[in-house]
Amino acid sequence: MQNKINITFPDGSVKQYDSETSGYEIANSISERLAKQAILIELDGALRDLAFPIKTDSEIKILKKDDNRALEVIRHDCAHVMAEAVQELYPGTQVTIGPAIEDGFYYDFSFKVPFNEQDLKKVETKMSEIIDNSHPFLREVWKRSDAIEYFEKIGQDYKKEIIADIPDGELITVYSQGEWLDLCRGPHMPTTGHIGKSFKLLKIAGAYWRGNEKNEMLTRIYGTAWRTDKELKNYLNMLEEAEKRDHRKIGKQMQIFSFDDEVGAGLPLWLPNGTVIIDELENLAKETEEKLGYQRVRTPHITKSDLYEKSGHLSHYEDSMFPAMDVDGKKYYLKPMNCPHHHKIYSSHPRTYKDLPLKLTEYGTCYRYEKSGQLFGLMRVRSMQMNDAHIYCSEEQFKDEFLSVCKMYLKYFEIFGIEKYEMRLSLHDPKKLGKKYVDEPDLWIKTEKLVKEALIDGNLNFVEIKGEAAFYGPKIDVQVWSAIGREFTLATNQVDFAIPQKFGLNYKDSYDQNQTPLCIHRAPLGTHERFIGFLIEHFAGDFPLWIAPIQVLIIPISDKFNLYANQISQKLEQNGCRFKIDTRNEKMGAKIRKGELEKIPVMLIVGENEQKNKTVSVRRRFEGNLGEIDFKKYLNTLVEEINSKKRRDLK
């Protein structure tokens with residue numbers, strides 16, 4: 001008698017099947033309609049092909065194209081189809097890697113002939129033909145030697161190198177689609193036809209093989225793929241709007257920051273307008289933190305290697321640190337993070353339970369080595385100013401302190417009009433203890449439980465992401481979406497149960513016994529660089545009045561009214577408003593246009609009537625002329641708007 005296997009469905013029901021079955025057979029046993037709609041299965045928590053052989057008792061969920069997880073597979077399938085199209089159109093091209101990425105996919109190629117963006121349309125047309133052919137994606141397991149021999153025979157040297165790096169014992173799998181095949185772990189949908197035509201190739205870029213500048217420069221083709229034409233159209237519209245809001249373009253136009261080759265790649269220079277924004281962000285954070293009992297500290301920009309060896313940062317992050325410098329025969333590093341320095345401040349004198357929670361905050365500049373190809377405006381830099389703090393607390397205090405940080409996020413989101421956000425609880429992977437993570441299994445379980453309980457008690461929505469924790473503890477990464485729907489990683493809230501013990505940090509409890517504190521690392525505004533880059537896009541440079549570099553532009557109609565304009569400016573200055581006066585010998589319309597281009601929120605126009613009546617004619621961005629208003633009254637309105645950090649809805 002043939003052994004049966006038990007398949008458990010999401011509703012808890014169980015059904016028996018023959019000793020080997022597949023997702024397709026299971027779907028077909030439920031209904032023909034489901035079998036036609038099914039594209040993937042989730043098998044014991046992992047995504048698999050519909051045809052994947054199931055030989056043991058398993059839990060299964062059948063996925064249709066409307067499942068969000070299907071998007072990643074659609075994009076991965078699209079990358080395979082693009083690679084086939086490229087090799088068919090440009091024989092001799094070598095393919096390397098082609099993953100799905102956020103909102104799309106890419107594939108890196110080594111072309112024998114020049115390739116440019118004008119060629120993308122040709123590739124798109126060929127991709128549509130391949131999709132129309134609806135070739136099945138077929139999975140095969142190959143011997144390592146056979147795989148190497150095959151790819152060597154067809155001249156695909158990069159694939160040989162990839163195979164050589166696959167650990168012994170790991171399966172070598174390939175997927176074919178008609179005559180074409182690729183080295184791949186999968187999963188894939190049943191056929192190329194399941195991809196649909198809701199895709200578009202976007203651009204090409206250079207990319208070093210394996211991200212190493214010493215290797216060959218490859219050609220990377222980027223594309224995007226969606227489930228429906230409507231989703232694709234919405235995404236392309238968002239990209240078009242994002243291009244208008246590009247922080248690099250607006251930052252240059254508004255004279256916020258610049259980069260200079262003689263200074264160095266990834267090292268931003270903050271111009272006066274940008275420095276105003278930084279100062280306002282710091283003032284906001286200082287006001288907020290002072291009310292919550294934080295204490296400000298400062299630490300040096302360089303440190304001996306011993307400190308980072310002790311903390312474990314050197315072994316985990318050395319590739320992201322600038323090379324060591326020799327000082328008196330000792331290795332020193334540019335500071336990549338503030339954490340170890342704050343631990344040293346904690347240990348500078350004895351602590352008791354009465355000192356806790358101790359909250360140390362710093363706006364220190366840190367330096368990280370980002371590869372040249374990864375630098376991107378303010379979003380990826382090598383010099384960054386961290387909105388950083390460390391909270392040392394007892395286990396009993398942990399929940400309140402952790403939630404206090406999360407509530408700080410929410411306050412900032414309200415101020416900046418961030419309506420969509422997601423808290424992602426990053427957990428460790430037990431299989432990587434001692435490698436990627438501190439080897440303390442019991443402490444991991446205990447600390448992750450503490451964090452989950454805090455989030456649940458605080459009624460905070462969160463999702464769990466396995467394998468993304470910091471090496472010393474679980475963390476919350478906060479994803480935010482800008483006004484046009486672009487996603488950014490903004491803030492972090494991390495729990496450290498390991499490093500305080502490494503540094504010998506302790507405090508005397510109420511029984512005069514030594515205890516090790518927990519440490520919460522938090523950066524609610526991330527780095528000033530990334531956050532300001534986000535704000536530029538979010539507001540398209542039209543900052544709320546309180547953070548605008550120039551808040552008020554005074555425009556005298558002619559030279560006769562410069563004196564009154566100066567009197568207005570003095571009152572603005574006395575009340576802490578940032579302003580400038582346009583006394584150029586230009587027509588008023590030209591002055592207004594210049595103010596609009598500079599995105600100055602308020603313009604005060606003064607002439608004969610205004611001087612006589614002690615008024616100003618007010619013009620607000622997106623609102624136009626508000627008429628003639630008593631200056632003292634309007635000044636009070638401005639000051640109240642600035643101090644309250646209110647946002648006016650832009651039209």
# chains A, B, ... in the order shown; residues from 1 in each chain; ligands from 1

$ select_by_dssp --residues "range 84-331 of chain A" --states "helix (DSSP H, G or I)" --output "PyMOL selection string"
chain A and resi 84-89+117-133+144-153+157-165+192-195+209-211+229-244+247-253+272-291+305-311+313-320

$ residues_around --residues "range 256-271 of chain A" --least-positions-apart "5" --cutoff "10 Å" --atoms "only C-alpha atoms" --output "list of chain:residue names"
A:His247, A:Arg248, A:Ile250, A:Gly251, A:Val276, A:Ile277, A:Ile278, A:Tyr367, A:Arg368, A:Tyr369, A:Glu370, A:Lys371, A:Ser372, A:Gln374, A:Leu375, A:Phe376, A:Gly377, A:Leu378, A:Met379, A:Arg380, A:Val381, A:Arg382, A:Ser383, A:Met384, A:Glu529, A:Ile532, A:Ile536, A:Gly541, A:Pro549

$ write_last_selection --atoms "N, CA and C atoms" --output "mmCIF file, in the first residue's frame"
data_model
loop_
_atom_site.group_PDB
_atom_site.id
_atom_site.type_symbol
_atom_site.label_atom_id
_atom_site.label_comp_id
_atom_site.auth_asym_id
_atom_site.auth_seq_id
_atom_site.Cartn_x
_atom_site.Cartn_y
_atom_site.Cartn_z
ATOM 1 N N HIS A 247 15.701 65.408 -4.932
ATOM 2 C CA HIS A 247 16.341 66.259 -3.913
ATOM 3 C C HIS A 247 17.659 66.837 -4.404
ATOM 4 N N ARG A 248 18.317 66.150 -5.346
ATOM 5 C CA ARG A 248 19.589 66.669 -5.864
ATOM 6 C C ARG A 248 19.341 67.921 -6.710
ATOM 7 N N ILE A 250 16.503 69.929 -6.662
ATOM 8 C CA ILE A 250 15.945 71.008 -5.845
ATOM 9 C C ILE A 250 16.991 71.544 -4.875
ATOM 10 N N GLY A 251 17.824 70.641 -4.336
ATOM 11 C CA GLY A 251 18.880 71.076 -3.411
ATOM 12 C C GLY A 251 19.835 72.058 -4.051
ATOM 13 N N VAL A 276 20.552 76.179 7.848
ATOM 14 C CA VAL A 276 19.342 76.623 8.559
ATOM 15 C C VAL A 276 18.438 75.425 8.844
ATOM 16 N N ILE A 277 18.243 74.572 7.839
ATOM 17 C CA ILE A 277 17.363 73.409 8.015
ATOM 18 C C ILE A 277 17.929 72.481 9.084
ATOM 19 N N ILE A 278 19.243 72.222 9.029
ATOM 20 C CA ILE A 278 19.882 71.373 10.044
ATOM 21 C C ILE A 278 19.677 71.963 11.431
ATOM 22 N N TYR A 367 31.382 58.708 9.951
ATOM 23 C CA TYR A 367 31.940 58.501 8.608
ATOM 24 C C TYR A 367 31.851 57.021 8.258
ATOM 25 N N ARG A 368 31.279 56.741 7.102
ATOM 26 C CA ARG A 368 31.182 55.357 6.654
ATOM 27 C C ARG A 368 31.604 55.278 5.187
ATOM 28 N N TYR A 369 32.325 54.215 4.877
ATOM 29 C CA TYR A 369 32.802 54.052 3.511
ATOM 30 C C TYR A 369 31.729 53.373 2.680
ATOM 31 N N GLU A 370 31.037 54.152 1.875
ATOM 32 C CA GLU A 370 30.085 53.619 0.904
ATOM 33 C C GLU A 370 30.802 53.520 -0.438
ATOM 34 N N LYS A 371 30.607 52.423 -1.138
ATOM 35 C CA LYS A 371 31.242 52.263 -2.443
ATOM 36 C C LYS A 371 30.737 53.329 -3.407
ATOM 37 N N SER A 372 31.613 53.724 -4.323
ATOM 38 C CA SER A 372 31.293 54.827 -5.236
ATOM 39 C C SER A 372 29.975 54.612 -5.965
ATOM 40 N N GLN A 374 27.403 53.192 -4.992
ATOM 41 C CA GLN A 374 26.230 53.218 -4.119
ATOM 42 C C GLN A 374 25.906 54.622 -3.629
ATOM 43 N N LEU A 375 26.800 55.578 -3.867
ATOM 44 C CA LEU A 375 26.549 56.949 -3.423
ATOM 45 C C LEU A 375 25.379 57.527 -4.208
ATOM 46 N N PHE A 376 24.505 58.262 -3.503
ATOM 47 C CA PHE A 376 23.335 58.838 -4.172
ATOM 48 C C PHE A 376 22.893 60.094 -3.423
ATOM 49 N N GLY A 377 23.331 61.255 -3.928
ATOM 50 C CA GLY A 377 22.927 62.513 -3.314
ATOM 51 C C GLY A 377 23.097 62.495 -1.814
ATOM 52 N N LEU A 378 22.072 62.931 -1.090
ATOM 53 C CA LEU A 378 22.097 62.908 0.374
ATOM 54 C C LEU A 378 21.663 61.564 0.937
ATOM 55 N N MET A 379 21.122 60.688 0.086
ATOM 56 C CA MET A 379 20.581 59.430 0.584
ATOM 57 C C MET A 379 21.664 58.425 0.935
ATOM 58 N N ARG A 380 22.776 58.460 0.203
ATOM 59 C CA ARG A 380 23.909 57.580 0.505
ATOM 60 C C ARG A 380 25.156 58.442 0.488
ATOM 61 N N VAL A 381 25.709 58.724 1.657
ATOM 62 C CA VAL A 381 26.865 59.611 1.774
ATOM 63 C C VAL A 381 27.942 58.934 2.603
ATOM 64 N N ARG A 382 29.091 59.579 2.684
ATOM 65 C CA ARG A 382 30.199 59.042 3.485
ATOM 66 C C ARG A 382 30.420 59.827 4.771
ATOM 67 N N SER A 383 29.795 60.990 4.869
ATOM 68 C CA SER A 383 29.861 61.808 6.076
ATOM 69 C C SER A 383 28.431 62.126 6.469
ATOM 70 N N MET A 384 28.064 61.815 7.715
ATOM 71 C CA MET A 384 26.663 61.990 8.115
ATOM 72 C C MET A 384 26.566 62.485 9.547
ATOM 73 N N GLU A 529 21.342 64.094 6.730
ATOM 74 C CA GLU A 529 21.470 63.997 5.279
ATOM 75 C C GLU A 529 20.257 63.287 4.678
ATOM 76 N N ILE A 532 16.830 65.160 5.436
ATOM 77 C CA ILE A 532 16.616 66.372 4.638
ATOM 78 C C ILE A 532 16.368 65.998 3.176
ATOM 79 N N ILE A 536 13.007 67.208 1.293
ATOM 80 C CA ILE A 536 13.013 67.946 0.021
ATOM 81 C C ILE A 536 12.023 67.311 -0.939
ATOM 82 N N GLY A 541 10.468 70.857 -1.912
ATOM 83 C CA GLY A 541 11.196 72.094 -1.617
ATOM 84 C C GLY A 541 10.322 73.174 -0.993
ATOM 85 N N PRO A 549 14.322 77.892 4.687
ATOM 86 C CA PRO A 549 15.570 78.662 4.869
ATOM 87 C C PRO A 549 15.330 80.169 4.885
#

$ residues_around --residues "Lys160 in chain A" --least-positions-apart "3" --cutoff "12 Å" --atoms "only C-alpha atoms" --output "list in words"
Gln94, Val95, Thr96, Arg144, Ser145, Asp146, Ala147, Ile148, Glu149, Tyr150, Phe151, Glu152, Lys153, Ile154, Gly155, Gln156, Asp157, Ile163, Ala164, Asp165, Ile166, Ile172, Asp182 and Leu183 of chain A

$ write_last_selection --atoms "N, CA and C atoms" --output "PDB file, in the first residue's frame"
ATOM      1  N   GLN A  94      27.256  38.096 -22.131  1.00  0.00           N
ATOM      2  CA  GLN A  94      27.295  37.266 -20.923  1.00  0.00           C
ATOM      3  C   GLN A  94      26.310  37.821 -19.898  1.00  0.00           C
ATOM      4  N   VAL A  95      25.581  36.917 -19.230  1.00  0.00           N
ATOM      5  CA  VAL A  95      24.653  37.314 -18.168  1.00  0.00           C
ATOM      6  C   VAL A  95      25.300  37.005 -16.820  1.00  0.00           C
ATOM      7  N   THR A  96      24.989  37.818 -15.834  1.00  0.00           N
ATOM      8  CA  THR A  96      25.593  37.618 -14.510  1.00  0.00           C
ATOM      9  C   THR A  96      24.507  37.335 -13.481  1.00  0.00           C
ATOM     10  N   ARG A 144      27.045  19.620  -9.866  1.00  0.00           N
ATOM     11  CA  ARG A 144      27.919  20.791  -9.958  1.00  0.00           C
ATOM     12  C   ARG A 144      28.815  20.707 -11.198  1.00  0.00           C
ATOM     13  N   SER A 145      29.402  19.532 -11.438  1.00  0.00           N
ATOM     14  CA  SER A 145      30.327  19.374 -12.572  1.00  0.00           C
ATOM     15  C   SER A 145      29.599  19.588 -13.907  1.00  0.00           C
ATOM     16  N   ASP A 146      28.342  19.119 -13.984  1.00  0.00           N
ATOM     17  CA  ASP A 146      27.573  19.283 -15.227  1.00  0.00           C
ATOM     18  C   ASP A 146      27.252  20.757 -15.465  1.00  0.00           C
ATOM     19  N   ALA A 147      26.938  21.454 -14.388  1.00  0.00           N
ATOM     20  CA  ALA A 147      26.597  22.874 -14.516  1.00  0.00           C
ATOM     21  C   ALA A 147      27.813  23.664 -14.986  1.00  0.00           C
ATOM     22  N   ILE A 148      28.967  23.398 -14.376  1.00  0.00           N
ATOM     23  CA  ILE A 148      30.194  24.102 -14.767  1.00  0.00           C
ATOM     24  C   ILE A 148      30.528  23.813 -16.228  1.00  0.00           C
ATOM     25  N   GLU A 149      30.410  22.543 -16.616  1.00  0.00           N
ATOM     26  CA  GLU A 149      30.721  22.150 -17.992  1.00  0.00           C
ATOM     27  C   GLU A 149      29.784  22.845 -18.983  1.00  0.00           C
ATOM     28  N   TYR A 150      28.494  22.911 -18.645  1.00  0.00           N
ATOM     29  CA  TYR A 150      27.513  23.520 -19.553  1.00  0.00           C
ATOM     30  C   TYR A 150      27.797  25.009 -19.759  1.00  0.00           C
ATOM     31  N   PHE A 151      27.958  25.743 -18.648  1.00  0.00           N
ATOM     32  CA  PHE A 151      28.148  27.187 -18.781  1.00  0.00           C
ATOM     33  C   PHE A 151      29.516  27.526 -19.391  1.00  0.00           C
ATOM     34  N   GLU A 152      30.494  26.647 -19.173  1.00  0.00           N
ATOM     35  CA  GLU A 152      31.794  26.848 -19.811  1.00  0.00           C
ATOM     36  C   GLU A 152      31.652  26.662 -21.322  1.00  0.00           C
ATOM     37  N   LYS A 153      30.877  25.678 -21.712  1.00  0.00           N
ATOM     38  CA  LYS A 153      30.689  25.358 -23.125  1.00  0.00           C
ATOM     39  C   LYS A 153      30.014  26.504 -23.878  1.00  0.00           C
ATOM     40  N   ILE A 154      29.067  27.205 -23.219  1.00  0.00           N
ATOM     41  CA  ILE A 154      28.353  28.290 -23.918  1.00  0.00           C
ATOM     42  C   ILE A 154      29.005  29.660 -23.640  1.00  0.00           C
ATOM     43  N   GLY A 155      30.172  29.642 -22.997  1.00  0.00           N
ATOM     44  CA  GLY A 155      30.942  30.870 -22.826  1.00  0.00           C
ATOM     45  C   GLY A 155      30.423  31.812 -21.759  1.00  0.00           C
ATOM     46  N   GLN A 156      29.751  31.267 -20.728  1.00  0.00           N
ATOM     47  CA  GLN A 156      29.210  32.084 -19.637  1.00  0.00           C
ATOM     48  C   GLN A 156      30.123  31.964 -18.408  1.00  0.00           C
ATOM     49  N   ASP A 157      31.225  32.734 -18.441  1.00  0.00           N
ATOM     50  CA  ASP A 157      32.243  32.622 -17.392  1.00  0.00           C
ATOM     51  C   ASP A 157      31.735  33.095 -16.029  1.00  0.00           C
ATOM     52  N   ILE A 163      28.772  29.522  -9.607  1.00  0.00           N
ATOM     53  CA  ILE A 163      28.650  28.115  -9.189  1.00  0.00           C
ATOM     54  C   ILE A 163      29.777  27.743  -8.229  1.00  0.00           C
ATOM     55  N   ALA A 164      30.977  28.221  -8.512  1.00  0.00           N
ATOM     56  CA  ALA A 164      32.127  27.897  -7.661  1.00  0.00           C
ATOM     57  C   ALA A 164      31.935  28.411  -6.233  1.00  0.00           C
ATOM     58  N   ASP A 165      31.132  29.479  -6.077  1.00  0.00           N
ATOM     59  CA  ASP A 165      30.916  30.057  -4.745  1.00  0.00           C
ATOM     60  C   ASP A 165      29.732  29.450  -4.014  1.00  0.00           C
ATOM     61  N   ILE A 166      28.971  28.583  -4.681  1.00  0.00           N
ATOM     62  CA  ILE A 166      27.841  27.931  -4.002  1.00  0.00           C
ATOM     63  C   ILE A 166      28.400  26.893  -3.035  1.00  0.00           C
ATOM     64  N   ILE A 172      22.340  22.664  -6.846  1.00  0.00           N
ATOM     65  CA  ILE A 172      22.544  23.515  -8.026  1.00  0.00           C
ATOM     66  C   ILE A 172      21.291  23.372  -8.873  1.00  0.00           C
ATOM     67  N   ASP A 182      18.741  29.349 -17.160  1.00  0.00           N
ATOM     68  CA  ASP A 182      19.580  30.172 -16.292  1.00  0.00           C
ATOM     69  C   ASP A 182      19.772  29.467 -14.961  1.00  0.00           C
ATOM     70  N   LEU A 183      20.922  29.722 -14.360  1.00  0.00           N
ATOM     71  CA  LEU A 183      21.201  29.246 -13.008  1.00  0.00           C
ATOM     72  C   LEU A 183      20.322  30.042 -12.048  1.00  0.00           C
TER      73      LEU A 183
END

$ residues_around --residues "Asp49 in chain A" --least-positions-apart "3" --cutoff "7 Å" --atoms "only C-alpha atoms" --output "compact mmCIF listing (two decimals) with N, CA and C atoms, in the first residue's frame"
# COMPACT_ATOMS: atom_id res chain seq x y z
N LEU A 40 1.74 30.15 -7.44
CA LEU A 40 2.81 29.76 -6.52
C LEU A 40 2.19 29.05 -5.33
N ILE A 41 3.06 28.46 -4.52
CA ILE A 41 2.60 27.95 -3.23
C ILE A 41 3.55 28.43 -2.14
N PHE A 52 6.60 22.30 -7.70
CA PHE A 52 7.61 21.78 -6.77
C PHE A 52 7.13 20.46 -6.15
N PRO A 187 11.72 30.77 -6.58
CA PRO A 187 10.74 30.09 -7.42
C PRO A 187 10.34 30.94 -8.62
N HIS A 188 9.56 30.32 -9.52
CA HIS A 188 9.02 31.01 -10.69
C HIS A 188 7.55 30.65 -10.85
N MET A 189 6.85 31.45 -11.64
CA MET A 189 5.46 31.16 -11.96
C MET A 189 5.41 30.01 -12.97

$ residues_around --residues "range 340-351 of chain A" --least-positions-apart "5" --cutoff "10 Å" --atoms "only C-alpha atoms" --output "PyMOL selection string"
chain A and resi 297-300+303+307-308+310-313+335+356+358-362+389-392+499-500+503-509+514+519

$ write_last_selection --atoms "C-alpha atoms" --output "PDB file, in the first residue's frame"
ATOM      1  CA  VAL A 297      27.297  64.811  25.139  1.00  0.00           C
ATOM      2  CA  ARG A 298      30.084  65.150  22.549  1.00  0.00           C
ATOM      3  CA  THR A 299      32.667  62.624  21.407  1.00  0.00           C
ATOM      4  CA  PRO A 300      35.734  62.764  19.106  1.00  0.00           C
ATOM      5  CA  THR A 303      39.216  56.575  17.961  1.00  0.00           C
ATOM      6  CA  LEU A 307      37.373  50.426  21.133  1.00  0.00           C
ATOM      7  CA  TYR A 308      35.735  49.008  17.996  1.00  0.00           C
ATOM      8  CA  LYS A 310      35.863  45.537  22.017  1.00  0.00           C
ATOM      9  CA  SER A 311      32.395  46.565  20.830  1.00  0.00           C
ATOM     10  CA  GLY A 312      32.441  44.086  17.929  1.00  0.00           C
ATOM     11  CA  HIS A 313      31.811  46.787  15.341  1.00  0.00           C
ATOM     12  CA  LYS A 335      34.128  57.259  13.878  1.00  0.00           C
ATOM     13  CA  LEU A 356      18.541  55.252  35.512  1.00  0.00           C
ATOM     14  CA  LEU A 358      20.326  57.584  31.757  1.00  0.00           C
ATOM     15  CA  LYS A 359      19.737  59.136  28.327  1.00  0.00           C
ATOM     16  CA  LEU A 360      22.802  60.368  26.429  1.00  0.00           C
ATOM     17  CA  THR A 361      22.256  62.202  23.153  1.00  0.00           C
ATOM     18  CA  GLU A 362      24.652  63.541  20.539  1.00  0.00           C
ATOM     19  CA  ALA A 389      21.077  58.703  21.549  1.00  0.00           C
ATOM     20  CA  HIS A 390      21.532  55.791  23.936  1.00  0.00           C
ATOM     21  CA  ILE A 391      19.197  55.039  26.823  1.00  0.00           C
ATOM     22  CA  TYR A 392      20.601  52.932  29.662  1.00  0.00           C
ATOM     23  CA  ILE A 499      27.514  45.238  24.459  1.00  0.00           C
ATOM     24  CA  PRO A 500      26.873  46.703  27.955  1.00  0.00           C
ATOM     25  CA  PHE A 503      32.046  46.991  28.326  1.00  0.00           C
ATOM     26  CA  GLY A 504      31.498  46.029  31.947  1.00  0.00           C
ATOM     27  CA  LEU A 505      28.679  48.536  32.330  1.00  0.00           C
ATOM     28  CA  ASN A 506      26.781  48.151  35.560  1.00  0.00           C
ATOM     29  CA  TYR A 507      24.799  49.910  38.247  1.00  0.00           C
ATOM     30  CA  LYS A 508      24.022  49.210  41.892  1.00  0.00           C
ATOM     31  CA  ASP A 509      20.414  48.151  42.410  1.00  0.00           C
ATOM     32  CA  ASN A 514      25.684  44.958  40.547  1.00  0.00           C
ATOM     33  CA  CYS A 519      20.792  49.834  26.192  1.00  0.00           C
TER      34      CYS A 519
END

$ residues_around --residues "Ala35 in chain A" --least-positions-apart "2" --cutoff "12 Å" --atoms "only C-alpha atoms" --output "PyMOL selection string"
chain A and resi 22-33+37-41+50-51+62-64+190

$ write_last_selection --atoms "N, CA and C atoms" --output "CSV table (one decimal), in the first residue's frame"
chain,number,residue,atom,x,y,z
A,22,SER,N,2.1,17.8,-5.9
A,22,SER,CA,2.6,19.2,-6.2
A,22,SER,C,1.5,20.2,-5.9
A,23,GLY,N,1.9,21.5,-5.9
A,23,GLY,CA,0.9,22.5,-5.7
A,23,GLY,C,-0.1,22.5,-6.7
A,24,TYR,N,0.2,22.3,-8.0
A,24,TYR,CA,-0.8,22.3,-9.0
A,24,TYR,C,-1.8,21.2,-8.8
A,25,GLU,N,-1.3,20.0,-8.5
A,25,GLU,CA,-2.2,18.9,-8.3
A,25,GLU,C,-3.2,19.1,-7.1
A,26,ILE,N,-2.6,19.8,-6.1
A,26,ILE,CA,-3.4,20.1,-4.9
A,26,ILE,C,-4.5,21.1,-5.3
A,27,ALA,N,-4.1,22.2,-6.0
A,27,ALA,CA,-5.0,23.2,-6.4
A,27,ALA,C,-6.1,22.6,-7.3
A,28,ASN,N,-5.7,21.7,-8.2
A,28,ASN,CA,-6.7,21.1,-9.2
A,28,ASN,C,-7.7,20.2,-8.4
A,29,SER,N,-7.2,19.6,-7.3
A,29,SER,CA,-8.1,18.7,-6.5
A,29,SER,C,-9.2,19.5,-5.8
A,30,ILE,N,-8.9,20.8,-5.6
A,30,ILE,CA,-9.9,21.7,-5.0
A,30,ILE,C,-10.9,22.2,-6.0
A,31,SER,N,-10.3,22.8,-7.1
A,31,SER,CA,-11.2,23.2,-8.2
A,31,SER,C,-10.4,23.5,-9.4
A,32,GLU,N,-11.0,23.4,-10.6
A,32,GLU,CA,-10.3,23.7,-11.8
A,32,GLU,C,-10.0,25.2,-11.9
A,33,ARG,N,-10.9,26.0,-11.4
A,33,ARG,CA,-10.8,27.5,-11.4
A,33,ARG,C,-9.6,27.9,-10.6
A,37,GLN,N,-6.0,29.8,-11.6
A,37,GLN,CA,-5.6,31.1,-11.0
A,37,GLN,C,-4.3,31.0,-10.2
A,38,ALA,N,-4.0,29.7,-9.8
A,38,ALA,CA,-2.8,29.6,-8.9
A,38,ALA,C,-1.5,29.8,-9.6
A,39,ILE,N,-0.6,30.5,-9.0
A,39,ILE,CA,0.7,30.7,-9.6
A,39,ILE,C,1.9,30.3,-8.8
A,40,LEU,N,1.7,30.1,-7.4
A,40,LEU,CA,2.8,29.8,-6.5
A,40,LEU,C,2.2,29.1,-5.3
A,41,ILE,N,3.1,28.5,-4.5
A,41,ILE,CA,2.6,28.0,-3.2
A,41,ILE,C,3.6,28.4,-2.1
A,50,LEU,N,4.7,26.1,-8.4
A,50,LEU,CA,3.5,25.3,-8.3
A,50,LEU,C,3.8,23.8,-8.6
A,51,ALA,N,4.9,23.6,-9.4
A,51,ALA,CA,5.2,22.2,-9.7
A,51,ALA,C,6.2,21.6,-8.8
A,62,ILE,N,-2.0,28.2,-1.2
A,62,ILE,CA,-2.0,28.4,-2.6
A,62,ILE,C,-2.1,29.9,-2.9
A,63,LEU,N,-1.2,30.5,-3.7
A,63,LEU,CA,-1.2,31.9,-4.0
A,63,LEU,C,-1.6,32.2,-5.4
A,64,LYS,N,-2.4,33.3,-5.5
A,64,LYS,CA,-2.8,33.8,-6.8
A,64,LYS,C,-2.1,35.1,-7.1
A,190,PRO,N,4.2,29.5,-13.3
A,190,PRO,CA,4.1,28.3,-14.2
A,190,PRO,C,4.7,28.6,-15.6

$ closest_residue --among "A:Asp77, A:Glu537, A:Glu213, A:Glu241" --to "His135 in chain A" --atoms "only C-alpha atoms"
A:Asp77

$ closest_residue --among "A:Leu635, A:Leu443, A:Ala205, A:Leu47" --to "Phe497 in chain A" --atoms "only C-alpha atoms"
A:Leu443

$ select_by_dssp --residues "range 61-161 of chain A" --states "strand (DSSP E or B)" --output "PyMOL selection string"
chain A and resi 61-64+94-95+100-101+104-110+136-142

$ closest_residue --among "A:Thr527, A:Ser110, A:Ser510, A:Gln611" --to "Asn562 in chain A" --atoms "only C-alpha atoms"
A:Gln611

$ closest_residue --among "A:Lys354, A:Arg69, A:Lys446, A:Lys121" --to "Ala100 in chain A" --atoms "only C-alpha atoms"
A:Arg69

$ closest_residue --among "A:Asp326, A:Asp319, A:Glu179, A:Asp388" --to "Pro136 in chain A" --atoms "only C-alpha atoms"
A:Glu179

$ closest_residue --among "A:Ser617, A:Asn575, A:Ser198, A:Thr93" --to "Met603 in chain A" --atoms "only C-alpha atoms"
A:Ser617

$ closest_atom_pairs --of "range 458-546 of chain A" --to "range 550-556 of chain A" --cutoff "10 Å" --atoms "only C-alpha atoms" --output "Markdown table"
| residue | atom | partner | partner_atom | distance |
| --- | --- | --- | --- | --- |
| A:Phe543 | CA | A:Gln551 | CA | 9.4 |
| A:Pro544 | CA | A:Gln551 | CA | 9.1 |
| A:Leu545 | CA | A:Gln551 | CA | 5.9 |
| A:Trp546 | CA | A:Gln551 | CA | 7.5 |

$ write_last_selection --atoms "C-alpha atoms" --output "short mmCIF file (atom, residue, chain, number, x, y, z; two decimals), in the first residue's frame"
data_model
loop_
_atom_site.label_atom_id
_atom_site.label_comp_id
_atom_site.auth_asym_id
_atom_site.auth_seq_id
_atom_site.Cartn_x
_atom_site.Cartn_y
_atom_site.Cartn_z
CA PHE A 543 9.00 73.59 3.30
CA PRO A 544 6.65 74.51 6.11
CA LEU A 545 7.25 78.09 7.26
CA TRP A 546 9.15 77.14 10.44
#
